[in-house]
$ cat work.tsv   # TSV, C-alpha atoms
chain	number	residue	atom	x	y	z
A	1	MET	CA	-63.67	65.09	189.46
A	2	ALA	CA	-65.30	68.49	188.89
A	3	ASP	CA	-63.84	71.53	190.64
A	4	SER	CA	-65.97	73.85	192.73
A	5	PRO	CA	-67.32	76.98	191.03
A	6	ALA	CA	-65.04	79.07	193.28
A	7	ALA	CA	-61.99	77.13	192.09
A	8	ASN	CA	-63.03	77.50	188.44
A	9	GLN	CA	-63.63	81.18	188.96
A	10	GLU	CA	-60.20	81.56	190.55
A	11	ARG	CA	-58.53	79.73	187.65
A	12	GLU	CA	-60.25	82.13	185.27
A	13	TRP	CA	-59.03	85.16	187.24
A	14	ILE	CA	-55.50	83.77	187.25
A	15	LYS	CA	-55.55	83.22	183.46
A	16	ARG	CA	-56.79	86.74	182.88
A	17	ALA	CA	-54.26	88.20	185.32
A	18	GLN	CA	-51.51	86.31	183.50
A	19	ARG	CA	-52.48	88.26	180.37
A	20	GLY	CA	-52.09	91.51	182.34
A	21	ASP	CA	-55.73	92.03	183.40
A	22	ALA	CA	-55.50	94.14	186.57
A	23	GLU	CA	-59.22	93.88	187.29
A	24	ALA	CA	-59.08	90.08	187.42
A	25	PHE	CA	-56.09	90.33	189.73
A	26	GLY	CA	-58.12	92.68	191.92
A	27	PHE	CA	-60.55	89.82	192.63
A	28	LEU	CA	-57.60	87.69	193.75
A	29	VAL	CA	-56.46	90.55	196.01
A	30	GLN	CA	-59.89	90.66	197.64
A	31	ARG	CA	-59.87	86.93	198.19
A	32	TYR	CA	-56.35	86.70	199.65
A	33	GLN	CA	-55.65	90.06	201.29
A	34	ARG	CA	-56.43	88.78	204.77
A	35	ARG	CA	-54.03	85.87	204.42
A	36	VAL	CA	-51.25	88.11	203.06
A	37	PHE	CA	-51.78	90.62	205.87
A	38	SER	CA	-51.66	87.84	208.47
A	39	VAL	CA	-48.45	86.23	207.19
A	40	ALA	CA	-46.74	89.59	206.65
A	41	TYR	CA	-47.75	90.88	210.07
A	42	ASN	CA	-46.62	87.73	211.86
A	43	LEU	CA	-43.26	87.84	210.13
A	44	VAL	CA	-42.44	91.54	210.51
A	45	ASN	CA	-44.63	92.37	213.55
A	46	ASN	CA	-45.00	95.96	212.47
A	47	ARG	CA	-48.50	97.41	212.26
A	48	GLU	CA	-47.54	100.62	210.53
A	49	GLU	CA	-45.74	98.98	207.65
A	50	VAL	CA	-47.85	95.91	207.02
A	51	GLU	CA	-50.19	97.61	204.53
A	52	ASP	CA	-47.32	99.03	202.49
A	53	LEU	CA	-45.69	95.62	202.55
A	54	ALA	CA	-48.92	93.92	201.45
A	55	GLN	CA	-49.22	96.37	198.57
A	56	GLU	CA	-45.65	95.67	197.45
A	57	ILE	CA	-46.32	91.92	197.73
A	58	PHE	CA	-49.41	92.13	195.51
A	59	VAL	CA	-47.59	94.26	192.94
A	60	LYS	CA	-44.76	91.73	192.89
A	61	ALA	CA	-47.27	88.88	192.56
A	62	PHE	CA	-49.04	90.65	189.68
A	63	LEU	CA	-45.78	91.18	187.83
A	64	GLY	CA	-44.69	87.59	188.43
A	65	ILE	CA	-47.97	85.77	187.96
A	66	GLN	CA	-46.87	84.38	184.57
A	67	GLY	CA	-44.45	82.25	186.58
A	68	TYR	CA	-47.32	80.58	188.42
A	69	ASP	CA	-47.72	77.17	186.78
A	70	GLY	CA	-50.50	75.71	188.93
A	71	ARG	CA	-48.32	73.00	190.48
A	72	SER	CA	-49.16	74.29	193.95
A	73	SER	CA	-52.32	76.10	194.98
A	74	PHE	CA	-52.46	79.83	194.26
A	75	ALA	CA	-52.66	80.44	198.04
A	76	THR	CA	-49.38	78.59	198.59
A	77	TRP	CA	-47.71	80.41	195.69
A	78	LEU	CA	-48.87	83.78	197.00
A	79	SER	CA	-47.71	82.89	200.52
A	80	ARG	CA	-44.29	82.05	199.06
A	81	VAL	CA	-44.15	85.48	197.40
A	82	THR	CA	-45.16	87.01	200.76
A	83	VAL	CA	-42.53	85.12	202.76
A	84	ASN	CA	-39.77	85.94	200.25
A	85	HIS	CA	-40.71	89.62	200.27
A	86	CYS	CA	-40.81	89.74	204.08
A	87	TYR	CA	-37.48	87.93	204.25
A	88	ASP	CA	-35.90	90.57	201.98
A	89	TYR	CA	-37.51	93.31	204.05
A	90	LEU	CA	-36.17	91.84	207.31
A	91	ARG	CA	-32.69	91.45	205.86
A	92	ARG	CA	-32.72	95.07	204.67
A	93	ARG	CA	-34.00	96.33	208.00
A	94	ARG	CA	-31.60	94.18	210.07
A	95	THR	CA	-32.90	95.54	213.36
A	96	SER	CA	-36.51	96.40	213.70
A	97	ARG	CA	-38.30	98.32	216.39
A	98	VAL	CA	-40.18	96.19	218.89
A	99	LEU	CA	-43.76	97.22	219.42
A	100	TYR	CA	-44.35	96.79	223.14
A	101	PHE	CA	-47.71	95.95	224.63
A	102	SER	CA	-48.11	99.49	225.98
A	103	GLN	CA	-47.76	100.81	222.42
A	104	ILE	CA	-50.51	98.64	220.95
A	105	ASN	CA	-53.75	100.47	220.26
A	106	GLU	CA	-56.56	100.24	222.80
A	107	GLU	CA	-58.76	97.87	220.85
A	108	ALA	CA	-55.92	95.42	220.34
A	109	GLN	CA	-55.03	95.70	224.06
A	110	ARG	CA	-58.60	94.81	225.07
A	111	THR	CA	-58.67	91.79	222.75
A	112	LEU	CA	-55.30	90.64	223.99
A	113	GLU	CA	-56.24	91.03	227.65
A	114	ALA	CA	-59.48	89.11	227.11
A	115	LYS	CA	-57.58	86.27	225.43
A	116	ALA	CA	-54.86	86.32	228.08
A	117	GLU	CA	-57.48	85.87	230.78
A	118	SER	CA	-59.13	82.95	229.02
A	119	PRO	CA	-59.21	79.71	231.05
A	120	ALA	CA	-57.20	77.89	228.40
A	121	GLN	CA	-54.07	79.65	229.63
A	122	GLU	CA	-54.05	79.04	233.33
A	123	GLY	CA	-51.03	79.20	235.59
A	124	ILE	CA	-49.47	82.54	234.59
A	125	ASN	CA	-51.07	85.85	235.47
A	126	VAL	CA	-51.93	88.52	232.92
A	127	GLU	CA	-48.94	90.76	233.74
A	128	ASP	CA	-46.49	87.89	233.30
A	129	ARG	CA	-48.18	86.87	230.11
A	130	ILE	CA	-47.80	90.37	228.73
A	131	ALA	CA	-44.17	90.48	229.85
A	132	LEU	CA	-43.59	87.19	228.02
A	133	ARG	CA	-45.33	88.59	224.97
A	134	ASP	CA	-42.95	91.56	224.95
A	135	LEU	CA	-40.01	89.21	225.52
A	136	ALA	CA	-41.02	87.03	222.55
A	137	ALA	CA	-41.42	90.14	220.38
A	138	LYS	CA	-37.99	91.36	221.46
A	139	LEU	CA	-36.32	88.00	220.80
A	140	LEU	CA	-37.95	87.81	217.38
A	141	SER	CA	-36.82	91.32	216.49
A	142	ARG	CA	-33.22	90.41	217.36
A	143	ALA	CA	-33.24	87.08	215.51
A	144	PRO	CA	-31.65	86.69	212.06
A	145	ALA	CA	-34.15	87.07	209.20
A	146	GLU	CA	-34.07	83.34	208.38
A	147	ASP	CA	-34.88	82.34	211.98
A	148	ARG	CA	-37.55	84.98	212.23
A	149	VAL	CA	-39.32	83.74	209.13
A	150	ILE	CA	-39.32	80.08	210.10
A	151	LEU	CA	-40.30	80.74	213.74
A	152	GLY	CA	-42.97	83.21	212.67
A	153	LEU	CA	-44.54	80.63	210.37
A	154	LYS	CA	-44.39	77.88	213.00
A	155	GLU	CA	-45.13	79.67	216.25
A	156	LEU	CA	-47.27	82.60	215.14
A	157	GLU	CA	-48.97	81.42	211.95
A	158	ASP	CA	-49.23	77.97	213.58
A	159	LEU	CA	-48.36	76.12	210.37
A	160	SER	CA	-47.25	72.50	210.34
A	161	VAL	CA	-43.75	71.48	209.22
A	162	GLN	CA	-45.32	70.09	206.04
A	163	GLU	CA	-47.10	73.36	205.25
A	164	ILE	CA	-43.92	75.36	205.87
A	165	ALA	CA	-41.95	73.00	203.63
A	166	GLU	CA	-44.47	73.46	200.84
A	167	MET	CA	-44.52	77.22	201.28
A	168	LEU	CA	-40.73	77.59	201.31
A	169	ASP	CA	-40.19	74.88	198.70
A	170	LEU	CA	-37.96	72.89	201.06
A	171	LYS	CA	-37.82	69.30	202.30
A	172	GLU	CA	-39.57	68.62	205.60
A	173	SER	CA	-36.28	67.40	207.10
A	174	THR	CA	-34.64	70.73	206.16
A	175	VAL	CA	-37.46	72.65	207.81
A	176	LYS	CA	-37.05	70.57	211.00
A	177	VAL	CA	-33.30	71.23	211.10
A	178	ARG	CA	-33.81	74.96	210.53
A	179	LEU	CA	-36.50	75.11	213.20
A	180	HIS	CA	-34.27	73.35	215.67
A	181	ARG	CA	-31.36	75.69	214.97
A	182	ALA	CA	-33.61	78.75	215.18
A	183	ARG	CA	-35.04	77.64	218.53
A	184	ARG	CA	-31.56	76.85	219.87
A	185	ARG	CA	-30.24	80.27	218.81
A	186	MET	CA	-33.26	81.96	220.34
A	187	LEU	CA	-32.76	80.12	223.64
A	188	GLU	CA	-29.11	81.19	223.68
A	189	ASP	CA	-30.15	84.78	223.03
A	190	PHE	CA	-32.77	84.53	225.78
A	191	ARG	CA	-30.12	83.34	228.27
A	192	ARG	CA	-27.71	86.07	227.21
A	193	TRP	CA	-30.47	88.61	227.69
A	194	GLN	CA	-31.31	87.13	231.14
A	195	HIS	CA	-27.68	87.32	232.28
A	196	GLY	CA	-27.22	90.80	230.89
A	197	ARG	CA	-30.25	92.23	232.67
B	1	MET	CA	-34.07	58.01	227.23
B	2	ARG	CA	-31.24	60.28	226.12
B	3	CYS	CA	-30.86	63.94	225.36
B	4	ASN	CA	-31.06	63.12	221.61
B	5	GLU	CA	-34.57	61.79	221.98
B	6	MET	CA	-35.54	64.82	224.02
B	7	ARG	CA	-34.07	66.97	221.25
B	8	ARG	CA	-36.14	65.11	218.65
B	9	TRP	CA	-39.28	65.86	220.61
B	10	PHE	CA	-38.14	69.45	220.91
B	11	GLU	CA	-37.54	69.66	217.10
B	12	ASP	CA	-40.88	68.17	216.22
B	13	GLY	CA	-42.44	70.13	219.06
B	14	ASP	CA	-45.93	71.00	217.98
B	15	GLY	CA	-47.04	72.01	221.44
B	16	GLY	CA	-48.70	68.65	222.03
B	17	GLN	CA	-48.70	66.51	225.16
B	18	MET	CA	-45.23	65.69	226.47
B	19	PRO	CA	-44.58	61.92	226.25
B	20	ALA	CA	-43.96	60.06	229.53
B	21	SER	CA	-40.41	59.12	228.46
B	22	VAL	CA	-39.54	62.80	227.96
B	23	ARG	CA	-40.97	63.68	231.38
B	24	GLU	CA	-38.87	60.94	232.98
B	25	HIS	CA	-35.73	62.17	231.23
B	26	LEU	CA	-36.37	65.72	232.41
B	27	GLN	CA	-36.31	64.51	236.03
B	28	THR	CA	-32.69	63.42	235.65
B	29	CYS	CA	-31.16	65.82	233.09
B	30	ALA	CA	-30.54	69.39	234.23
B	31	ALA	CA	-29.57	70.68	230.75
B	32	CYS	CA	-32.73	69.40	229.08
B	33	GLN	CA	-34.76	70.65	232.04
B	34	ALA	CA	-33.39	74.17	231.52
B	35	ASP	CA	-34.10	74.00	227.75
B	36	GLU	CA	-37.66	72.87	228.37
B	37	ARG	CA	-38.32	75.51	231.02
B	38	ASP	CA	-36.88	78.40	229.01
B	39	TRP	CA	-38.51	77.34	225.77
B	40	SER	CA	-41.94	76.99	227.37
B	41	LEU	CA	-41.58	80.60	228.63
B	42	VAL	CA	-40.66	81.87	225.18
B	43	ARG	CA	-43.42	79.79	223.65
B	44	THR	CA	-46.02	81.29	225.99
B	45	GLY	CA	-44.88	84.69	224.76
B	46	PHE	CA	-45.32	83.51	221.16
B	47	ARG	CA	-48.78	82.24	221.97
B	48	VAL	CA	-49.84	85.60	223.38
B	49	LEU	CA	-48.22	87.37	220.44
B	50	SER	CA	-50.07	85.15	217.96
B	51	GLN	CA	-53.39	86.13	219.53
B	52	GLU	CA	-52.94	89.78	218.70
B	53	PRO	CA	-55.48	90.80	216.07
B	54	VAL	CA	-53.94	91.05	212.64
B	55	PRO	CA	-54.35	94.59	211.25
B	56	ASP	CA	-57.08	94.82	208.66
B	57	ALA	CA	-56.56	96.34	205.27
B	58	SER	CA	-57.79	99.91	205.14
B	59	THR	CA	-61.09	100.53	203.35
B	60	GLY	CA	-60.72	100.34	199.60
B	61	PHE	CA	-57.31	98.66	199.72
B	62	ALA	CA	-58.10	96.22	196.90
B	63	ALA	CA	-59.73	98.90	194.74
B	64	ARG	CA	-56.77	101.29	195.15
B	65	LEU	CA	-54.34	98.51	194.37
B	66	THR	CA	-56.31	97.45	191.29
B	67	ARG	CA	-56.25	101.04	189.99
B	68	ARG	CA	-52.52	101.20	190.57
B	69	LEU	CA	-52.00	97.89	188.74
B	70	ALA	CA	-54.06	99.15	185.81
B	71	GLU	CA	-51.84	102.22	185.40
B	72	PRO	CA	-50.08	102.06	182.04
B	73	ALA	CA	-46.61	101.73	183.56
B	74	LEU	CA	-47.43	98.63	185.61
B	75	ALA	CA	-49.90	97.08	183.17
B	76	GLY	CA	-47.36	97.63	180.40
B	77	ARG	CA	-44.68	95.96	182.45
B	78	ALA	CA	-46.94	93.00	183.14
B	79	ALA	CA	-47.85	92.67	179.46
B	80	THR	CA	-44.21	93.04	178.42
B	81	GLN	CA	-43.22	90.35	180.87
B	82	PHE	CA	-45.93	88.10	179.42
B	83	TRP	CA	-44.65	88.58	175.86
B	84	ASP	CA	-41.06	88.28	177.06
B	85	LEU	CA	-41.93	84.90	178.51
B	86	VAL	CA	-43.76	83.79	175.35
B	87	GLY	CA	-40.90	85.14	173.19
B	88	ARG	CA	-38.28	83.35	175.26
B	89	ARG	CA	-40.16	80.07	174.89
B	90	VAL	CA	-40.49	80.50	171.10
B	91	ILE	CA	-36.77	81.25	170.82
B	92	LEU	CA	-35.89	78.26	172.99
B	93	VAL	CA	-38.04	75.84	170.98
B	94	GLY	CA	-36.71	77.30	167.69
B	95	SER	CA	-33.10	76.94	168.84
B	96	LEU	CA	-33.67	73.34	169.88
B	97	LEU	CA	-35.23	72.47	166.52
B	98	THR	CA	-32.38	74.15	164.60
B	99	LEU	CA	-29.79	72.36	166.70
B	100	THR	CA	-31.49	69.00	166.12
B	101	LEU	CA	-31.62	69.65	162.35
B	102	VAL	CA	-27.96	70.67	162.20
B	103	MET	CA	-26.92	67.62	164.18
B	104	ALA	CA	-28.98	65.36	161.91
B	105	LEU	CA	-27.27	66.82	158.81
B	106	VAL	CA	-23.71	67.02	160.10
B	107	LEU	CA	-23.32	63.86	162.14
B	108	PRO	CA	-23.12	60.47	160.34
B	109	PRO	CA	-25.94	58.10	161.07
B	110	SER	CA	-25.52	56.33	164.36
B	111	GLY	CA	-26.12	52.72	165.29
B	112	PRO	CA	-24.36	49.41	164.77
B	113	TRP	CA	-23.43	50.12	161.14
B	114	ARG	CA	-21.56	53.26	162.19
B	115	SER	CA	-19.51	51.49	164.83
B	116	THR	CA	-18.62	48.52	162.54
B	117	ALA	CA	-17.55	50.86	159.76
B	118	GLY	CA	-15.33	52.74	162.14
B	119	LEU	CA	-13.74	49.51	163.28
B	120	ASP	CA	-13.16	48.26	159.69
B	121	LEU	CA	-11.59	51.53	158.67
B	122	SER	CA	-9.14	51.47	161.53
B	123	LEU	CA	-8.17	47.85	160.79
B	124	LEU	CA	-7.71	48.68	157.13
B	125	GLN	CA	-5.50	51.62	158.00
B	126	ALA	CA	-3.39	49.39	160.22
B	127	GLU	CA	-2.98	46.83	157.45
B	128	VAL	CA	-1.98	49.42	154.87
B	129	ALA	CA	0.51	50.90	157.28
B	130	ALA	CA	2.03	47.46	157.93
B	131	GLU	CA	2.36	46.73	154.21
B	132	ASN	CA	3.99	50.01	153.38
B	133	ASP	CA	6.29	50.12	156.29
B	134	PRO	CA	9.20	47.71	155.43
B	135	VAL	CA	10.63	49.10	152.13
B	136	LEU	CA	9.52	51.70	149.68
B	137	PRO	CA	10.72	51.44	146.06
B	138	ASP	CA	12.86	54.57	146.43
B	139	ASP	CA	14.30	53.29	149.65
B	140	VAL	CA	15.37	50.02	147.90
B	141	GLY	CA	17.29	51.89	145.18
B	142	SER	CA	19.01	54.27	147.50
B	143	SER	CA	19.97	51.59	149.97
B	144	GLN	CA	21.53	49.49	147.17
B	145	SER	CA	23.60	52.36	145.82
B	146	ALA	CA	24.71	53.48	149.21
B	147	ALA	CA	25.76	50.06	150.43
B	148	PRO	CA	26.67	47.69	147.54
B	149	ASN	CA	26.63	44.06	148.39
B	150	VAL	CA	30.36	43.51	148.18
B	151	GLN	CA	32.27	40.76	149.94
B	152	PRO	CA	35.40	41.85	151.80
B	153	GLY	CA	37.77	39.81	149.63
B	154	GLU	CA	36.40	40.85	146.24
B	155	ASP	CA	37.78	44.36	146.47
B	156	ARG	CA	41.37	43.15	146.92
B	157	LYS	CA	40.94	40.62	144.08
B	158	GLY	CA	39.66	43.32	141.68
B	159	ARG	CA	42.72	45.51	142.22

$ encode --input "work.tsv" --output "structure tokens"
Amino acid sequence: MADSPAANQEREWIKRAQRGDAEAFGFLVQRYQRRVFSVAYNLVNNREEVEDLAQEIFVKAFLGIQGYDGRSSFATWLSRVTVNHCYDYLRRRRTSRVLYFSQINEEAQRTLEAKAESPAQEGINVEDRIALRDLAAKLLSRAPAEDRVILGLKELEDLSVQEIAEMLDLKESTVKVRLHRARRRMLEDFRRWQHGR
Amino acid sequence: MRCNEMRRWFEDGDGGQMPASVREHLQTCAACQADERDWSLVRTGFRVLSQEPVPDASTGFAARLTRRLAEPALAGRAATQFWDLVGRRVILVGSLLTLTLVMALVLPPSGPWRSTAGLDLSLLQAEVAAENDPVLPDDVGSSQSAAPNVQPGEDRKGR
């Protein structure tokens, strides 16, 4: 079966980048920067640092692209590099500052308010929704790096267990167990936080 | 339904419709009820969080990055890593070939002939050992001189 021209083009860029061609890698950056920004932002939840992180991720990917053997798609491989880099970053940071709703810029606030008022999310008013948003951000910031990564991929990136398994190079059963443990730990932390209020 | 089944639904939880059996179990189990209530609160928070717009790359992000990657230090590192990888593979293949050649020269040929020969040799060694074991020519001479075959009465007669 013939590949699409875009896929052929991408394979060509990858081959050239593997020989150290920065320009060819630049085309891959353009194609995947949005995805890298999204995964990195959802894992670290830090607007100010996401661009620096993305830059480090692409440099790391460029230096390691010889290791890409085409067994998975380039997007999956790059997402794996992103997740590993964010995991290291979260472990180094240990605690990270929570960005509360009131600290989000105006444009993001308007978008969020519009989405919060959408009919698909009936039952809870906007203020409660925003309080829950801040709570989720706080719980994520306190969670161990491993839990944060797996919950970020599942709950924020909205990936399936199968996609997470492929991205992290794990079995699906392992991903399920880790998700369960991460949710359980987060619930315990939530209850501790409730009692301590 | 038991808590285990509820837990399984919770593990697989993809935000889909709650099955009737899970709903029934929740009516009777306070612990699972609390889990479900608390998790749905946290999950709502996640949902709102996931709707936040992802920050865009600043203008010229890819171009700046490409320039940085093309700088001699980074490009050199990338090229070095490429040749390192190629070099490592050449060395690995060369080592394997050398090892195979050495093994082919040093080790005797394998197969049924080798095992039979080994067996014959060991049997032969056992036979030779058995033949040589009872008396050596030197041993015969020395044992005769040390213990002459003399009857007890002959000595007294000879005197």

$ interface_residues --input "work.tsv" --of "chain A" --to "chain B" --cutoff "8 Å" --atoms "all atoms listed in the file" --output "ChimeraX atom specification"
/A:18-23,25-26,29-30,33-34,37-38,41-42,47,50-51,55,59,62-64,66,108,111-112,115-116,129-137,155-157,160,176-177,179-180,187

$ axis_aligned_box --input "work.tsv" --around "range 178-187 of chain A" --padding-each-side "4 Å" --output "JSON"
{"center_x": -33.4, "center_y": 77.7, "center_z": 217.1, "size_x": 14.3, "size_y": 16.6, "size_z": 21.1}

$ closest_residue --input "work.tsv" --among "A:Asn84, A:Thr76, A:Asn125, A:Ser141" --to "Asp189 in chain A" --atoms "all atoms listed in the file"
A:Ser141

$ atom_distance --input "work.tsv" --atom1 "CA of Ser21 in chain B" --atom2 "CA of Arg183 in chain A"
21.7 Å

$ atom_distance --input "work.tsv" --atom1 "CA of Ala61 in chain A" --atom2 "CA of Ala75 in chain A"
11.4 Å

$ atom_distance --input "work.tsv" --atom1 "CA of Ala182 in chain A" --atom2 "CA of Arg148 in chain A"
7.9 Å

$ closest_residue --input "work.tsv" --among "A:Lys171, A:Lys154, A:Lys60, A:Arg31" --to "Phe74 in chain A" --atoms "only C-alpha atoms"
A:Arg31

$ closest_residue --input "work.tsv" --among "A:Val149, A:Leu159, A:Ile164, A:Met186" --to "Leu43 in chain A" --atoms "only C-alpha atoms"
A:Val149
